[in-house]
Amino acid sequence: MSEIRRGKLITLEGGEGVGKSTQSKRLAEFLEDRGITVLRTREPGGSEGGEQIRRLLVEGAPGRWTPLSEAFLYAAARADHVAHLIEPALAEGRWVISDRFTDSTLAYQGFGLGLPLDAVAQINALAVGELKPDLTFILDLPVGDGLARARARAHDGHESAREDRYERMDESFHQRLREGFLTIARNAPERCVVIDTARTVDQVARVISVTAAERLIAP
Ligand code: TMP
């Protein structure tokens with residue numbers, strides 16, 4: 001009997017309104033057309049416990065949690081998500097595309113809210129153990145454009161209308177986030193690829209799929 005080949009973990013990261021969920025769908029379609037079974041998921045959330053914790057994190061007043069309590073809540077959601085959804089899928093040979101993962105905690109709670117980066121890295125490591133994304137796309141967009149997109153989406157009655165805790169933070173927070181994501185990418189070029197999303201959805205989808213194919217499918 002042939003051994004099951006472990007799946008790959010691909011993460012999509014970036015600030016508000018950069019188009020991660022659309023790109024996650026497009027990438028899943030591209031991979032499925034190549035015979036790969038894909039699980040699409042998100043953080044905070046994904047698993048049942050993770051989704052319950054999500055509501056505590058994304059709704060309510062911007063100052064509802066201290067940065068440290070937030071980081072632990074993200075870690076609790078993530079540990080549940082990894083144990084109940086991501087690890088089993090990878091072990092069965094499925095590929096997992098997660099809309100956000102550990103880099104979001106480093107960017108939002110570390111660079112954005114000012115928690116020491118090494119503390120965030122330690123909390124992340126406790127939550128995921130040895131698991132590391134095989135490939136991470138950092139979707140990048142000027143802050144004003146991303147916030148305008150996110151707010152337009154909220155007006156359309158999208159679930160994000162309630163989930164606006166971070167959108168409501170000031171512009172300098174979002175600027176720190178963007179710089180944070182770019183710094184994360186610079187520090188891990190073997191894993192991270194920055195994607196300029198100030199283009200059409202099709203153009204962005206093409207760059208992402210070509211890169212995934214080159215990095216993960218080509219021998
Ligand atoms: P979403 O809007 O992309 O679904 O993400 C929900 C919010 O959670 C988003 O504003 C970013 C925030 N977030 C963090 O602050 N830290 C994290 O570790 C994660 C996963 C998300």
# chains A, B, ... in the order shown; residues from 1 in each chain; ligands from 1
$ select_by_dssp --residues "segment 30-195 of chain A" --states "strand (DSSP E)" --output "list in words"
Val38, Leu39, Arg40, Thr41, Arg42, Trp95, Val96, Ile97, Ser98, Asp99, Leu135, Thr136, Phe137, Ile138, Leu139, Asp140, Cys192, Val193, Val194 and Ile195 of chain A
$ residues_near_ligand --ligand "ligand 1" --cutoff "10 Å" --atoms "only C-alpha atoms and all ligand atoms" --output "ChimeraX atom specification"
/A:12-21,42-45,54-55,57-59,67,70-75,77-78,98-110,112-113,120,124,150,159-160,163-169,177
$ select_by_dssp --residues "segment 153-204 of chain A" --states "alpha helix (DSSP H)" --output "MDAnalysis selection string"
chainID A and resid 153:155 171:187 201:204
$ closest_residue --among "A:Ser209, A:Ser172, A:Thr136, A:Ser47" --to "Val193 of chain A" --atoms "only C-alpha atoms"
A:Thr136
$ closest_residue --among "A:Thr66, A:Gly35, A:Asp202, A:Val82" --to "Gly49 of chain A" --atoms "only C-alpha atoms"
A:Val82
$ atom_distance --atom1 "atom CA of Asp118 of chain A" --atom2 "atom CA of Ile53 of chain A"
23.8 Å
$ residues_around --residues "Lys8 of chain A" --least-positions-apart "6" --cutoff "9 Å" --atoms "only C-alpha atoms" --output "compact mmCIF listing (two decimals) with N, CA and C atoms, in the first residue's frame"
# COMPACT_ATOMS: atom_id res chain seq x y z
N LEU A 90 -4.04 17.69 6.78
CA LEU A 90 -2.71 17.52 6.20
C LEU A 90 -2.28 16.05 6.25
N GLY A 93 -3.51 14.00 3.54
CA GLY A 93 -2.99 14.36 2.21
C GLY A 93 -3.70 15.54 1.57
N ARG A 94 -4.65 16.15 2.31
CA ARG A 94 -5.32 17.32 1.74
C ARG A 94 -4.44 18.55 1.91
N TRP A 95 -4.58 19.49 0.99
CA TRP A 95 -3.88 20.77 1.14
C TRP A 95 -4.82 21.72 1.87
N VAL A 96 -4.24 22.57 2.71
CA VAL A 96 -5.05 23.50 3.49
C VAL A 96 -4.68 24.93 3.10
N ILE A 97 -5.71 25.73 2.79
CA ILE A 97 -5.49 27.16 2.55
C ILE A 97 -6.15 27.90 3.70
N PRO A 133 3.66 27.11 7.90
CA PRO A 133 3.14 27.12 6.53
C PRO A 133 4.23 26.75 5.53
N ASP A 134 3.85 26.04 4.47
CA ASP A 134 4.80 25.75 3.39
C ASP A 134 4.97 26.98 2.51
N LEU A 135 3.93 27.80 2.45
CA LEU A 135 3.98 29.01 1.61
C LEU A 135 3.00 30.02 2.18
N LEU A 216 5.39 24.80 -5.03
CA LEU A 216 4.92 23.59 -4.34
C LEU A 216 4.60 22.42 -5.23
$ residues_around --residues "Gln175 of chain A" --least-positions-apart "4" --cutoff "10 Å" --atoms "only C-alpha atoms" --output "JSON, numbers by chain"
{"A": [15, 111, 112, 142, 143, 144, 170, 171, 179, 180]}
$ closest_residue --among "A:Val204, A:Ala79, A:Leu27, A:Ile4" --to "Val128 of chain A" --atoms "only C-alpha atoms"
A:Ala79
$ atom_distance --atom1 "atom CA of Thr211 of chain A" --atom2 "atom CA of Thr183 of chain A"
20.1 Å
$ closest_residue --among "A:Leu117, A:Ala125, A:Leu139, A:Ala213" --to "Val201 of chain A" --atoms "only C-alpha atoms"
A:Leu139
$ closest_residue --among "A:Leu9, A:Ile184, A:Leu56, A:Ala61" --to "Ala28 of chain A" --atoms "only C-alpha atoms"
A:Leu9
